[in-house]
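K.L.:
Structure supplied as start_30.txt; contents: compact mmCIF, C-alpha atoms.
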```
# COMPACT_ATOMS: atom_id res chain seq x y z
CA MET A 1004 5.13 8.28 -31.75
CA SER A 1005 3.17 5.42 -30.22
CA LYS A 1006 -0.39 4.22 -29.91
CA ILE A 1007 -1.06 4.50 -26.20
CA ALA A 1008 -4.07 3.17 -24.31
CA VAL A 1009 -5.03 5.22 -21.26
CA LEU A 1010 -7.23 3.16 -18.97
CA GLY A 1011 -9.29 5.30 -16.61
CA THR A 1012 -11.05 8.52 -17.43
CA GLY A 1013 -10.70 10.38 -14.12
CA ASP A 1014 -8.38 13.35 -13.54
CA VAL A 1015 -5.27 11.20 -13.87
CA GLY A 1016 -6.30 9.63 -17.18
CA ASP A 1017 -7.48 12.97 -18.53
CA THR A 1018 -4.20 14.66 -17.58
CA ILE A 1019 -1.94 11.94 -18.93
CA GLY A 1020 -4.03 11.36 -22.04
CA SER A 1021 -4.04 15.08 -22.85
CA LYS A 1022 -0.28 15.32 -22.45
CA LEU A 1023 0.30 12.29 -24.67
CA ILE A 1024 -1.87 13.84 -27.39
CA GLU A 1025 0.00 17.12 -27.04
CA LEU A 1026 3.22 15.17 -27.60
CA GLY A 1027 1.81 13.67 -30.79
CA HIS A 1028 0.92 10.16 -29.65
CA THR A 1029 -2.27 8.43 -30.66
CA VAL A 1030 -4.40 7.99 -27.53
CA ILE A 1031 -7.16 5.46 -26.99
CA MET A 1032 -9.08 6.11 -23.79
CA GLY A 1033 -10.51 3.05 -22.06
CA SER A 1034 -13.32 2.98 -19.55
CA ARG A 1035 -15.68 0.47 -17.96
CA THR A 1036 -18.40 1.38 -20.41
CA ALA A 1037 -17.65 2.12 -24.03
CA SER A 1038 -18.41 5.82 -23.75
CA ASN A 1039 -18.98 7.49 -20.42
CA GLU A 1040 -19.53 11.23 -20.14
CA LYS A 1041 -15.91 11.99 -19.25
CA THR A 1042 -14.66 10.08 -22.26
CA LEU A 1043 -16.98 11.99 -24.58
CA LEU A 1044 -15.75 15.27 -23.08
CA PHE A 1045 -12.17 14.16 -23.54
CA ILE A 1046 -12.70 13.32 -27.19
CA ALA A 1047 -14.56 16.58 -27.79
CA LYS A 1048 -11.75 18.53 -26.10
CA HIS A 1049 -9.15 17.00 -28.37
CA GLY A 1050 -11.07 17.46 -31.59
CA GLY A 1051 -11.02 13.86 -32.63
CA LYS A 1052 -7.34 13.26 -31.92
CA ALA A 1053 -8.40 10.67 -29.35
CA THR A 1054 -10.57 7.64 -29.67
CA ALA A 1055 -12.23 5.68 -26.91
CA GLY A 1056 -13.88 2.44 -26.03
CA THR A 1057 -14.02 -0.24 -23.39
CA TYR A 1058 -10.93 -1.22 -21.43
CA ALA A 1059 -10.60 -4.18 -23.82
CA TYR A 1060 -10.96 -2.03 -26.95
CA ALA A 1061 -8.35 0.45 -25.75
CA ALA A 1062 -5.90 -2.20 -24.57
CA ALA A 1063 -6.18 -4.06 -27.86
CA LYS A 1064 -5.33 -0.92 -29.83
CA GLY A 1065 -2.58 0.34 -27.52
CA GLU A 1066 1.09 -0.61 -27.90
CA ILE A 1067 1.71 0.78 -24.43
CA ILE A 1068 -0.89 0.82 -21.63
CA PHE A 1069 -1.16 3.53 -18.98
CA ASN A 1070 -3.07 2.27 -15.97
CA CYS A 1071 -4.81 5.37 -14.63
CA THR A 1072 -7.62 3.52 -12.90
CA ARG A 1073 -8.00 3.70 -9.13
CA GLY A 1074 -5.58 1.28 -7.50
CA LEU A 1075 -8.39 -0.29 -5.54
CA PHE A 1076 -9.88 -1.60 -8.80
CA SER A 1077 -6.88 -1.75 -11.12
CA VAL A 1078 -6.49 -5.52 -11.31
CA GLU A 1079 -10.23 -5.84 -11.96
CA ALA A 1080 -10.06 -3.19 -14.69
CA LEU A 1081 -7.08 -4.88 -16.32
CA LYS A 1082 -8.87 -8.21 -16.21
CA MET A 1083 -11.70 -6.52 -18.09
CA ALA A 1084 -9.09 -5.28 -20.54
CA GLY A 1085 -8.21 -8.91 -21.13
CA GLU A 1086 -4.96 -10.81 -20.76
CA GLU A 1087 -4.67 -11.31 -24.54
CA ASN A 1088 -4.77 -7.53 -25.06
CA LEU A 1089 -2.00 -6.93 -22.51
CA LYS A 1090 0.32 -9.73 -23.59
CA ASP A 1091 4.00 -8.67 -23.72
CA LYS A 1092 3.00 -4.98 -23.52
CA ILE A 1093 4.36 -2.29 -21.22
CA ILE A 1094 1.85 -1.35 -18.52
CA VAL A 1095 2.78 1.96 -16.92
CA ASP A 1096 1.06 1.78 -13.54
CA VAL A 1097 0.55 5.20 -11.98
CA SER A 1098 -2.14 4.08 -9.52
CA ASN A 1099 -2.33 4.15 -5.74
CA PRO A 1100 -4.44 1.81 -3.58
CA ILE A 1101 -6.25 4.58 -1.76
CA ASP A 1102 -9.31 3.32 0.13
CA LEU A 1103 -11.59 6.10 1.33
CA SER A 1104 -14.33 3.76 2.51
CA LYS A 1105 -13.15 4.03 6.13
CA GLY A 1106 -13.03 7.85 6.11
CA TYR A 1107 -10.22 10.37 5.95
CA PRO A 1108 -7.27 10.05 6.00
CA PRO A 1109 -7.67 7.05 3.74
CA ILE A 1110 -5.92 3.76 4.28
CA LEU A 1111 -4.22 1.73 1.59
CA SER A 1112 -6.18 -1.31 0.41
CA ILE A 1113 -2.91 -3.18 -0.01
CA CYS A 1114 0.56 -2.48 1.39
CA ASN A 1115 3.57 -3.76 3.31
CA THR A 1116 3.69 -7.30 1.89
CA SER A 1117 2.46 -6.42 -1.61
CA SER A 1118 1.38 -3.51 -3.78
CA VAL A 1119 -0.81 -2.72 -6.77
CA GLY A 1120 2.23 -2.81 -9.02
CA GLU A 1121 3.08 -6.32 -7.87
CA GLU A 1122 -0.53 -7.51 -8.03
CA ILE A 1123 -0.77 -6.37 -11.65
CA GLN A 1124 2.53 -8.03 -12.53
CA ASN A 1125 1.42 -11.26 -10.82
CA ALA A 1126 -1.94 -11.22 -12.61
CA PHE A 1127 -0.35 -10.65 -16.05
CA PRO A 1128 3.08 -12.33 -16.01
CA SER A 1129 3.90 -11.61 -19.67
CA ALA A 1130 3.19 -7.89 -19.32
CA LYS A 1131 6.04 -5.55 -18.44
CA VAL A 1132 4.73 -3.55 -15.52
CA VAL A 1133 6.57 -0.33 -14.75
CA LYS A 1134 5.45 1.58 -11.68
CA ALA A 1135 5.89 5.31 -12.23
CA LEU A 1136 4.68 8.79 -11.30
CA ASN A 1137 2.38 7.66 -8.46
CA THR A 1138 4.13 9.81 -5.85
CA VAL A 1139 2.91 13.13 -7.21
CA TRP A 1140 -0.35 14.89 -8.03
CA CYS A 1141 -1.37 14.22 -11.64
CA GLY A 1142 -0.76 17.82 -12.72
CA LEU A 1143 2.87 17.42 -11.70
CA MET A 1144 3.22 14.04 -13.42
CA VAL A 1145 3.17 15.73 -16.81
CA ASN A 1146 4.49 19.13 -15.76
CA PRO A 1147 7.29 18.77 -13.21
CA GLY A 1148 8.32 22.38 -13.85
CA LEU A 1149 5.38 23.50 -11.71
CA VAL A 1150 7.55 23.11 -8.61
CA ASN A 1151 11.19 23.98 -7.87
CA ASN A 1152 11.96 24.55 -11.56
CA GLY A 1153 11.37 20.84 -12.14
CA ASP A 1154 14.20 19.84 -9.83
CA HIS A 1155 12.71 17.04 -7.71
CA THR A 1156 12.68 13.25 -7.70
CA THR A 1157 10.42 10.69 -9.34
CA PHE A 1158 10.72 6.92 -9.01
CA ILE A 1159 10.29 4.01 -11.35
CA CYS A 1160 10.56 0.29 -10.81
CA GLY A 1161 9.83 -2.86 -12.75
CA ASN A 1162 11.31 -6.20 -13.75
CA ASP A 1163 12.10 -5.40 -17.39
CA ILE A 1164 15.07 -3.13 -18.10
CA ASN A 1165 14.01 -2.24 -21.63
CA ALA A 1166 10.48 -1.41 -20.54
CA LYS A 1167 11.86 0.88 -17.86
CA GLN A 1168 14.08 2.58 -20.42
CA ARG A 1169 11.04 3.23 -22.65
CA VAL A 1170 9.12 4.67 -19.70
CA ILE A 1171 12.08 6.86 -18.77
CA GLU A 1172 11.92 8.28 -22.33
CA ILE A 1173 8.24 9.05 -21.84
CA LEU A 1174 8.92 10.71 -18.47
CA GLU A 1175 11.64 12.80 -20.09
CA SER A 1176 9.13 13.86 -22.75
CA PHE A 1177 6.87 14.95 -19.87
CA GLY A 1178 9.68 17.23 -18.65
CA TRP A 1179 11.47 15.09 -16.07
CA ASP A 1180 15.26 15.39 -16.01
CA ASP A 1181 16.99 12.05 -16.40
CA GLU A 1182 19.01 12.70 -13.23
CA ASN A 1183 15.79 13.09 -11.23
CA ILE A 1184 14.36 9.73 -12.30
CA LEU A 1185 15.43 7.14 -9.74
CA ASP A 1186 15.15 3.47 -10.74
CA LEU A 1187 14.47 1.58 -7.50
CA GLY A 1188 14.82 -1.90 -8.97
CA ASN A 1189 12.23 -4.59 -9.52
CA ILE A 1190 8.48 -4.28 -9.20
CA THR A 1191 8.48 -5.08 -5.48
CA ALA A 1192 9.74 -1.54 -4.93
CA SER A 1193 6.18 -0.45 -5.72
CA ARG A 1194 5.56 -1.09 -2.04
CA GLY A 1195 7.86 1.77 -1.24
CA THR A 1196 6.39 4.30 -3.64
CA GLU A 1197 2.81 3.33 -2.80
CA MET A 1198 3.33 3.39 0.99
CA TYR A 1199 4.89 6.84 0.68
CA LEU A 1200 1.35 7.99 -0.09
CA ALA A 1201 0.62 7.84 3.65
CA LEU A 1202 3.22 10.56 4.14
CA TRP A 1203 2.23 12.45 1.00
CA LEU A 1204 -1.36 12.75 2.22
CA ARG A 1205 -0.23 14.25 5.54
CA VAL A 1206 2.11 16.72 3.87
CA MET A 1207 -0.64 17.65 1.42
CA GLY A 1208 -3.05 18.21 4.33
CA LYS A 1209 -0.50 20.37 6.10
CA MET A 1210 0.38 22.45 3.03
CA ASN A 1211 -3.20 22.51 1.81
CA LYS A 1212 -2.04 21.99 -1.75
CA SER A 1213 -0.87 19.21 -4.04
CA THR A 1214 1.82 21.10 -5.92
CA PHE A 1215 4.80 19.76 -4.01
CA ASN A 1216 7.16 16.86 -4.26
CA ILE A 1217 10.23 15.45 -2.57
CA LYS A 1218 13.78 15.74 -3.77
CA ILE A 1219 16.32 13.19 -2.63
CA VAL A 1220 19.36 15.06 -1.35
CA ARG A 1221 22.69 13.61 -0.25
CA MET B 43 19.67 21.72 30.29
CA SER B 44 17.45 18.74 31.01
CA LYS B 45 17.68 15.29 32.48
CA ILE B 46 16.96 13.04 29.52
CA ALA B 47 16.36 9.30 29.58
CA VAL B 48 17.49 7.48 26.45
CA LEU B 49 15.81 4.09 26.25
CA GLY B 50 17.65 1.67 24.00
CA THR B 51 21.40 1.23 23.73
CA GLY B 52 21.76 0.37 20.05
CA ASP B 53 23.24 2.71 17.44
CA VAL B 54 20.29 5.10 17.67
CA GLY B 55 20.42 5.40 21.47
CA ASP B 56 24.20 5.72 21.41
CA THR B 57 24.08 8.44 18.76
CA ILE B 58 21.32 10.47 20.38
CA GLY B 59 22.65 9.99 23.91
CA SER B 60 26.12 11.13 22.85
CA LYS B 61 24.74 14.23 21.15
CA LEU B 62 22.64 15.13 24.19
CA ILE B 63 25.72 14.83 26.42
CA GLU B 64 27.72 16.98 24.01
CA LEU B 65 24.98 19.60 24.31
CA GLY B 66 25.27 19.55 28.09
CA HIS B 67 22.22 17.53 29.06
CA THR B 68 22.30 14.89 31.76
CA VAL B 69 21.70 11.52 30.10
CA ILE B 70 20.40 8.37 31.75
CA MET B 71 20.64 5.35 29.45
CA GLY B 72 17.99 2.70 29.92
CA SER B 73 18.17 -0.91 28.82
CA ARG B 74 16.42 -4.20 29.44
CA THR B 75 19.05 -5.22 31.93
CA ALA B 76 20.58 -2.73 34.32
CA SER B 77 23.97 -2.76 32.62
CA ASN B 78 24.54 -4.45 29.29
CA GLU B 79 27.87 -4.27 27.52
CA LYS B 80 26.85 -1.40 25.23
CA THR B 81 25.72 0.65 28.19
CA LEU B 82 29.02 0.15 29.98
CA LEU B 83 30.88 1.18 26.81
CA PHE B 84 28.68 4.26 26.51
CA ILE B 85 29.40 5.30 30.09
CA ALA B 86 33.10 4.67 29.68
CA LYS B 87 33.16 6.71 26.45
CA HIS B 88 31.58 9.69 28.16
CA GLY B 89 33.77 9.61 31.24
CA GLY B 90 31.02 9.37 33.74
CA LYS B 91 28.83 12.10 32.22
CA ALA B 92 26.16 9.47 31.67
CA THR B 93 24.49 7.12 34.06
CA ALA B 94 22.52 4.02 33.25
CA GLY B 95 20.07 1.51 34.58
CA THR B 96 16.95 -0.40 33.69
CA TYR B 97 14.27 1.15 31.51
CA ALA B 98 12.38 1.93 34.74
CA TYR B 99 15.39 3.52 36.44
CA ALA B 100 16.14 5.72 33.44
CA ALA B 101 12.53 6.73 32.89
CA ALA B 102 12.11 7.63 36.56
CA LYS B 103 15.14 9.94 36.42
CA GLY B 104 14.39 11.50 33.04
CA GLU B 105 12.28 14.61 32.58
CA ILE B 106 12.11 13.83 28.87
CA ILE B 107 12.22 10.30 27.43
CA PHE B 108 13.78 9.41 24.07
CA ASN B 109 12.44 6.10 22.81
CA CYS B 110 15.35 4.62 20.84
CA THR B 111 14.26 1.02 21.22
CA ARG B 112 13.31 -1.02 18.17
CA GLY B 113 9.76 -0.19 17.17
CA LEU B 114 8.84 -3.83 17.20
CA PHE B 115 9.36 -3.89 20.98
CA SER B 116 8.84 -0.25 21.96
CA VAL B 117 5.50 -0.62 23.71
CA GLU B 118 6.88 -3.59 25.64
CA ALA B 119 10.02 -1.63 26.60
CA LEU B 120 7.95 1.33 27.74
CA LYS B 121 5.72 -0.94 29.80
CA MET B 122 8.91 -2.17 31.49
CA ALA B 123 9.78 1.49 32.05
CA GLY B 124 6.50 1.76 33.94
CA GLU B 125 3.49 3.99 33.44
CA GLU B 126 4.21 5.90 36.67
CA ASN B 127 7.66 6.84 35.38
CA LEU B 128 6.26 8.16 32.09
CA LYS B 129 3.30 10.08 33.53
CA ASP B 130 2.86 13.51 31.93
CA LYS B 131 6.34 13.33 30.36
CA ILE B 132 7.37 13.99 26.79
CA ILE B 133 8.25 10.78 24.96
CA VAL B 134 10.23 11.50 21.81
CA ASP B 135 9.62 8.44 19.68
CA VAL B 136 12.25 7.97 16.99
CA SER B 137 11.51 4.29 16.37
CA ASN B 138 10.39 2.36 13.29
CA PRO B 139 8.46 -0.91 13.29
CA ILE B 140 10.95 -2.76 11.11
CA ASP B 141 10.43 -6.51 11.16
CA LEU B 142 13.30 -8.46 9.65
CA SER B 143 11.95 -11.86 10.67
CA LYS B 144 10.53 -12.47 7.17
CA GLY B 145 13.77 -11.54 5.38
CA TYR B 146 14.93 -8.53 3.42
CA PRO B 147 13.51 -6.08 2.54
CA PRO B 148 11.81 -6.00 5.92
CA ILE B 149 8.12 -5.43 6.42
CA LEU B 150 6.60 -3.14 9.02
CA SER B 151 5.13 -4.91 12.03
CA ILE B 152 2.40 -2.29 12.17
CA CYS B 153 1.20 0.20 9.56
CA ASN B 154 -1.70 1.62 7.56
CA THR B 155 -4.32 1.66 10.34
CA SER B 156 -1.95 2.40 13.22
CA SER B 157 1.72 3.08 14.01
CA VAL B 158 4.22 2.75 16.82
CA GLY B 159 3.71 6.40 17.73
CA GLU B 160 -0.01 5.87 18.12
CA GLU B 161 0.41 2.59 19.99
CA ILE B 162 2.67 4.28 22.51
CA GLN B 163 0.26 7.19 22.92
CA ASN B 164 -2.65 4.78 23.38
CA ALA B 165 -0.73 2.72 25.95
CA PHE B 166 0.29 5.81 27.95
CA PRO B 167 -2.48 8.39 27.58
CA SER B 168 -0.98 10.95 29.99
CA ALA B 169 2.37 10.94 28.21
CA LYS B 170 3.00 13.46 25.46
CA VAL B 171 4.26 11.40 22.56
CA VAL B 172 6.08 13.31 19.83
CA LYS B 173 7.14 11.31 16.79
CA ALA B 174 10.36 12.71 15.36
CA LEU B 175 13.51 11.96 13.39
CA ASN B 176 12.50 8.44 12.34
CA THR B 177 12.79 9.18 8.61
CA VAL B 178 16.59 9.46 8.61
CA TRP B 179 19.63 7.39 9.55
CA CYS B 180 20.64 8.05 13.16
CA GLY B 181 23.85 9.83 12.20
CA LEU B 182 21.77 12.39 10.32
CA MET B 183 19.30 12.79 13.17
CA VAL B 184 21.90 14.67 15.20
CA ASN B 185 23.97 16.04 12.33
CA PRO B 186 21.74 17.18 9.47
CA GLY B 187 24.66 19.12 7.98
CA LEU B 188 26.06 15.83 6.67
CA VAL B 189 23.85 16.18 3.57
CA ASN B 190 22.95 19.15 1.36
CA ASN B 191 24.36 21.62 3.89
CA GLY B 192 21.59 20.63 6.27
CA ASP B 193 18.87 21.78 3.90
CA HIS B 194 16.32 18.95 3.96
CA THR B 195 13.09 18.12 5.72
CA THR B 196 12.29 16.42 9.00
CA PHE B 197 8.82 15.73 10.37
CA ILE B 198 7.25 15.83 13.80
CA CYS B 199 3.76 15.03 14.98
CA GLY B 200 1.97 14.67 18.28
CA ASN B 201 -1.15 15.69 20.15
CA ASP B 202 0.44 18.24 22.52
CA ILE B 203 1.49 21.60 21.06
CA ASN B 204 3.84 22.50 23.93
CA ALA B 205 5.55 19.12 23.81
CA LYS B 206 6.10 19.55 20.07
CA GLN B 207 7.56 23.00 20.67
CA ARG B 208 10.01 21.56 23.21
CA VAL B 209 11.02 18.84 20.75
CA ILE B 210 11.47 21.42 17.99
CA GLU B 211 13.93 23.21 20.29
CA ILE B 212 15.86 19.98 20.76
CA LEU B 213 15.90 19.36 17.00
CA GLU B 214 17.20 22.89 16.46
CA SER B 215 19.96 22.18 18.98
CA PHE B 216 20.82 19.11 16.86
CA GLY B 217 21.28 21.44 13.86
CA TRP B 218 17.89 21.34 12.13
CA ASP B 219 16.69 24.64 10.70
CA ASP B 220 13.27 25.63 11.99
CA GLU B 221 12.02 26.02 8.41
CA ASN B 222 12.91 22.41 7.65
CA ILE B 223 10.93 20.97 10.57
CA LEU B 224 7.43 20.17 9.31
CA ASP B 225 4.71 19.63 11.93
CA LEU B 226 2.26 17.15 10.38
CA GLY B 227 -0.39 17.41 13.08
CA ASN B 228 -1.52 14.87 15.64
CA ILE B 229 0.11 11.56 16.46
CA THR B 230 -1.82 9.66 13.79
CA ALA B 231 0.57 11.24 11.26
CA SER B 232 3.15 8.76 12.59
CA ARG B 233 1.59 6.37 10.08
CA GLY B 234 2.91 8.60 7.33
CA THR B 235 6.46 8.96 8.62
CA GLU B 236 6.73 5.27 9.54
CA MET B 237 5.32 3.98 6.24
CA TYR B 238 7.79 6.19 4.39
CA LEU B 239 10.41 3.72 5.64
CA ALA B 240 9.32 1.33 2.88
CA LEU B 241 10.49 3.92 0.35
CA TRP B 242 13.55 4.92 2.40
CA LEU B 243 14.78 1.32 2.44
CA ARG B 244 14.54 1.07 -1.36
CA VAL B 245 16.33 4.36 -1.92
CA MET B 246 18.99 3.32 0.58
CA GLY B 247 19.44 0.03 -1.26
CA LYS B 248 19.74 1.85 -4.57
CA MET B 249 22.21 4.48 -3.31
CA ASN B 250 24.04 1.96 -1.16
CA LYS B 251 24.33 4.50 1.64
CA SER B 252 22.23 5.99 4.44
CA THR B 253 23.44 9.57 4.21
CA PHE B 254 20.50 10.97 2.27
CA ASN B 255 17.17 12.52 3.04
CA ILE B 256 14.22 14.09 1.29
CA LYS B 257 13.50 17.77 0.96
CA ILE B 258 9.95 18.88 0.38
CA VAL B 259 9.96 21.29 -2.56
CA ARG B 260 7.06 23.34 -3.89
```
Rewrite the structure of this file - the entire thing - as C-alpha cells.
P.N.:
Amino acid sequence: MSKIAVLGTGDVGDTIGSKLIELGHTVIMGSRTASNEKTLLFIAKHGGKATAGTYAYAAAKGEIIFNCTRGLFSVEALKMAGEENLKDKIIVDVSNPIDLSKGYPPILSICNTSSVGEEIQNAFPSAKVVKALNTVWCGLMVNPGLVNNGDHTTFICGNDINAKQRVIEILESFGWDDENILDLGNITASRGTEMYLALWLRVMGKMNKSTFNIKIVR
Amino acid sequence: MSKIAVLGTGDVGDTIGSKLIELGHTVIMGSRTASNEKTLLFIAKHGGKATAGTYAYAAAKGEIIFNCTRGLFSVEALKMAGEENLKDKIIVDVSNPIDLSKGYPPILSICNTSSVGEEIQNAFPSAKVVKALNTVWCGLMVNPGLVNNGDHTTFICGNDINAKQRVIEILESFGWDDENILDLGNITASRGTEMYLALWLRVMGKMNKSTFNIKIVR
C-alpha cells in the first residue's frame, strides 16, 4: 500500500481518493486552501482514514501524486505543490483542459501542438508523468464494470516505463483488465487522449449520460 | 441509383468511388486537372463505368458530392468546384485536416473552435454538408466487416435531417449496421470526429495497422 496525494477535491478527486482508501492506501487530499468544505466532507466521510492540507502539504506526504485538478489550472496547482515535493515522483495526470468560459460545448485550453500532460512534464522534468483515465467519466475510472462488463479500452502514456507499469497496477486494482489498458507511448500521446474529449462530449450529449466508453476493436 | 461526384483521386477517392460503382451508382471523379494519372487508372480499372473531369465538371454532373480531398485543401477544392455546382446538394465530407508539414505525428490544420466540416458548410451555405466516415481508414469506410464482424461505431453529423438520412442509406449500402451509425447532431460535431484523429493516429502507431475502429459501449 502507498501514500498517495490526491490533488483536487472536486468529483474526480473525491472519486479517486475514495477508491484508493477503499483499496487500503493512505490518502492525503490537497487543495488550494488547507481545508475547504469538500475536503472536510471527504475526511468526515472516511472516518479519519484520509488527511488533507494544501497542495504542497499533500504532495510532500505523497509517494505518488494523482493530479485531479482541472486541466486549465493543473500546472498552476502543481507549481503551488512545489517542485521539491514532486521531485522524481509519479504524477498520474487524469485531467482534461476543458475551458467552459466560451460557452457550451467547451473548447480545450490547449491541444494539437501540446497537452496538459506534456505541459506538466515540461514544467517538472524530474517527475514521471503518466497520463491515464482522462477519457472516461470519473465514476468509470474506478469502476469500469459499470459498462459492458468492464470490457472497454483505457489509455496510458508517459516517458518512464517503470512509472507506467506502476500505474497499470493501480488501474488493475481499480478493475481494469490488463488487456484493455493500451500504452500509447511517450507523454506526447496525451494530445490524443485529451483531444478525444471533443468527441466524448458530443457522444455524451447525444446519449445524455456519461456511463459509456470506447472499445478498440480490430 | 445516383450520379455521384467523387472529388479527390487519392486512396480515399479511389476506394469510395470503386465501392459506389460496385453498388451500381454512376461515378464522376473530379480532380484539380481534368485527367491526372490516377484518374485515368481509375477509369481504366472500371472499364468505362466511371467518367472524370475537373472538380467543377464532376460537381456539375453529381447529384451528391463526396469530398475525398485532403482536408487541408478541401475548401479550396470545393471553391474550384464552384458554388453553383454545389448549390442545394449533399456534400459528404470524409476529410481530415491532417497537416504533415511540421513532421510526424501530424497536427490538425484546424480544430477546437472549428473544423473542415464547418468550414465547408460556412463557405457553401446552401449545400447540405454531412460529415461521415472520417474516423476510420478508407478500406474500412466501405467494408466495415473487416473488423469485429462489422460491429463498431461510425459517426455522422450535419444540419439537414434529410441529407443525413440519405447518407445513412449510403453507409448502410457500404455495410454499416444502422445501430452502429451514431448521429451526433449538427455540423459543429465535426470538431469531435476530426479531433479524434489525434487519438486514432496514436492507436494506429501502437497497433502498427489501420484496420481497427472504436465501438461505443455502455
K.L.:
Pair the Cα atoms of chain B and chain A in order, fit the first onto the second, and let me know the RMSD in Å.
P.N.:
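Least-squares fit of chain B onto chain A, C-alpha RMSD 0.0 Å.
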K.L.:
Can you check which residues of chain A have any atom within 10 Å of chain B? Use all atoms listed in the file and format it as a CSV table (one decimal) with C-alpha atoms, in the frame of the given file.
P.N.:
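Done, and the output landed in out-v5.csv:
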```csv
chain,number,residue,atom,x,y,z
A,1108,PRO,CA,-7.3,10.0,6.0
A,1109,PRO,CA,-7.7,7.0,3.7
A,1110,ILE,CA,-5.9,3.8,4.3
A,1111,LEU,CA,-4.2,1.7,1.6
A,1112,SER,CA,-6.2,-1.3,0.4
A,1113,ILE,CA,-2.9,-3.2,0.0
A,1114,CYS,CA,0.6,-2.5,1.4
A,1115,ASN,CA,3.6,-3.8,3.3
A,1116,THR,CA,3.7,-7.3,1.9
A,1117,SER,CA,2.5,-6.4,-1.6
A,1149,LEU,CA,5.4,23.5,-11.7
A,1150,VAL,CA,7.6,23.1,-8.6
A,1151,ASN,CA,11.2,24.0,-7.9
A,1152,ASN,CA,12.0,24.6,-11.6
A,1153,GLY,CA,11.4,20.8,-12.1
A,1154,ASP,CA,14.2,19.8,-9.8
A,1155,HIS,CA,12.7,17.0,-7.7
A,1156,THR,CA,12.7,13.2,-7.7
A,1158,PHE,CA,10.7,6.9,-9.0
A,1185,LEU,CA,15.4,7.1,-9.7
A,1186,ASP,CA,15.2,3.5,-10.7
A,1187,LEU,CA,14.5,1.6,-7.5
A,1188,GLY,CA,14.8,-1.9,-9.0
A,1191,THR,CA,8.5,-5.1,-5.5
A,1192,ALA,CA,9.7,-1.5,-4.9
A,1193,SER,CA,6.2,-0.4,-5.7
A,1194,ARG,CA,5.6,-1.1,-2.0
A,1195,GLY,CA,7.9,1.8,-1.2
A,1196,THR,CA,6.4,4.3,-3.6
A,1197,GLU,CA,2.8,3.3,-2.8
A,1198,MET,CA,3.3,3.4,1.0
A,1199,TYR,CA,4.9,6.8,0.7
A,1200,LEU,CA,1.4,8.0,-0.1
A,1201,ALA,CA,0.6,7.8,3.6
A,1202,LEU,CA,3.2,10.6,4.1
A,1203,TRP,CA,2.2,12.4,1.0
A,1204,LEU,CA,-1.4,12.8,2.2
A,1205,ARG,CA,-0.2,14.2,5.5
A,1206,VAL,CA,2.1,16.7,3.9
A,1207,MET,CA,-0.6,17.6,1.4
A,1208,GLY,CA,-3.0,18.2,4.3
A,1209,LYS,CA,-0.5,20.4,6.1
A,1210,MET,CA,0.4,22.4,3.0
A,1212,LYS,CA,-2.0,22.0,-1.8
A,1213,SER,CA,-0.9,19.2,-4.0
A,1214,THR,CA,1.8,21.1,-5.9
A,1215,PHE,CA,4.8,19.8,-4.0
A,1216,ASN,CA,7.2,16.9,-4.3
A,1217,ILE,CA,10.2,15.4,-2.6
A,1218,LYS,CA,13.8,15.7,-3.8
A,1219,ILE,CA,16.3,13.2,-2.6
A,1220,VAL,CA,19.4,15.1,-1.4
A,1221,ARG,CA,22.7,13.6,-0.2
```
K.L.:
At a cut-off of 12 Å around the point (2.4, 0.3, -13.8) (file coordinates), what residues fall inside when counting all atoms listed in the file? I'd like the answer as a VMD selection string.
P.N.:
chain A and resid 1009 to 1010 1067 to 1074 1077 to 1078 1081 1092 to 1099 1118 to 1125 1127 1130 to 1137 1158 to 1163 1166 to 1167 1170 1189 to 1193 1196 to 1197
K.L.:
Suppose you want the space between atom CA of B:Leu114 and atom CA of B:Leu142; what is it in Å?
P.N.:
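Distance reported for this atom pair: 9.9 Å.
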K.L.:
Take atom CA of B:Asp220 and atom CA of B:Asp53 and report the distance between them in Å, one decimal.
P.N.:
25.6 Å
K.L.:
Go ahead and compute the interatomic distance for atom CA of A:Ala1053 and atom CA of A:Val1139, in Å to one decimal.
P.N.:
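Between atom CA of A:Ala1053 and atom CA of A:Val1139 the gap is 25.0 Å.
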K.L.:
Measuring atom to atom with all atoms listed in the file, identify which of B:Gln207, B:Thr177, B:Thr196, B:Thr81 is nearest to B:Glu221.
P.N.:
B:Thr196
K.L.:
Tell me, as a tab-separated table (two decimals) with C-alpha atoms, in the frame of the given file, which residues lie within 9 Å of stretch 1030-1038 of chain A, counting all atoms listed in the file; anything in the same chain fewer than 2 positions away does not count.
P.N.:
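And here is the file that came out, part_21.tsv:
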```tsv
chain	number	residue	atom	x	y	z
A	1005	SER	CA	3.17	5.42	-30.22
A	1006	LYS	CA	-0.39	4.22	-29.91
A	1007	ILE	CA	-1.06	4.50	-26.20
A	1008	ALA	CA	-4.07	3.17	-24.31
A	1009	VAL	CA	-5.03	5.22	-21.26
A	1010	LEU	CA	-7.23	3.16	-18.97
A	1011	GLY	CA	-9.29	5.30	-16.61
A	1012	THR	CA	-11.05	8.52	-17.43
A	1016	GLY	CA	-6.30	9.63	-17.18
A	1017	ASP	CA	-7.48	12.97	-18.53
A	1020	GLY	CA	-4.03	11.36	-22.04
A	1021	SER	CA	-4.04	15.08	-22.85
A	1023	LEU	CA	0.30	12.29	-24.67
A	1024	ILE	CA	-1.87	13.84	-27.39
A	1028	HIS	CA	0.92	10.16	-29.65
A	1040	GLU	CA	-19.53	11.23	-20.14
A	1041	LYS	CA	-15.91	11.99	-19.25
A	1042	THR	CA	-14.66	10.08	-22.26
A	1043	LEU	CA	-16.98	11.99	-24.58
A	1045	PHE	CA	-12.17	14.16	-23.54
A	1046	ILE	CA	-12.70	13.32	-27.19
A	1052	LYS	CA	-7.34	13.26	-31.92
A	1053	ALA	CA	-8.40	10.67	-29.35
A	1054	THR	CA	-10.57	7.64	-29.67
A	1055	ALA	CA	-12.23	5.68	-26.91
A	1056	GLY	CA	-13.88	2.44	-26.03
A	1057	THR	CA	-14.02	-0.24	-23.39
A	1058	TYR	CA	-10.93	-1.22	-21.43
A	1059	ALA	CA	-10.60	-4.18	-23.82
A	1060	TYR	CA	-10.96	-2.03	-26.95
A	1061	ALA	CA	-8.35	0.45	-25.75
A	1062	ALA	CA	-5.90	-2.20	-24.57
A	1064	LYS	CA	-5.33	-0.92	-29.83
A	1065	GLY	CA	-2.58	0.34	-27.52
A	1072	THR	CA	-7.62	3.52	-12.90
A	1080	ALA	CA	-10.06	-3.19	-14.69
A	1083	MET	CA	-11.70	-6.52	-18.09
A	1084	ALA	CA	-9.09	-5.28	-20.54
```
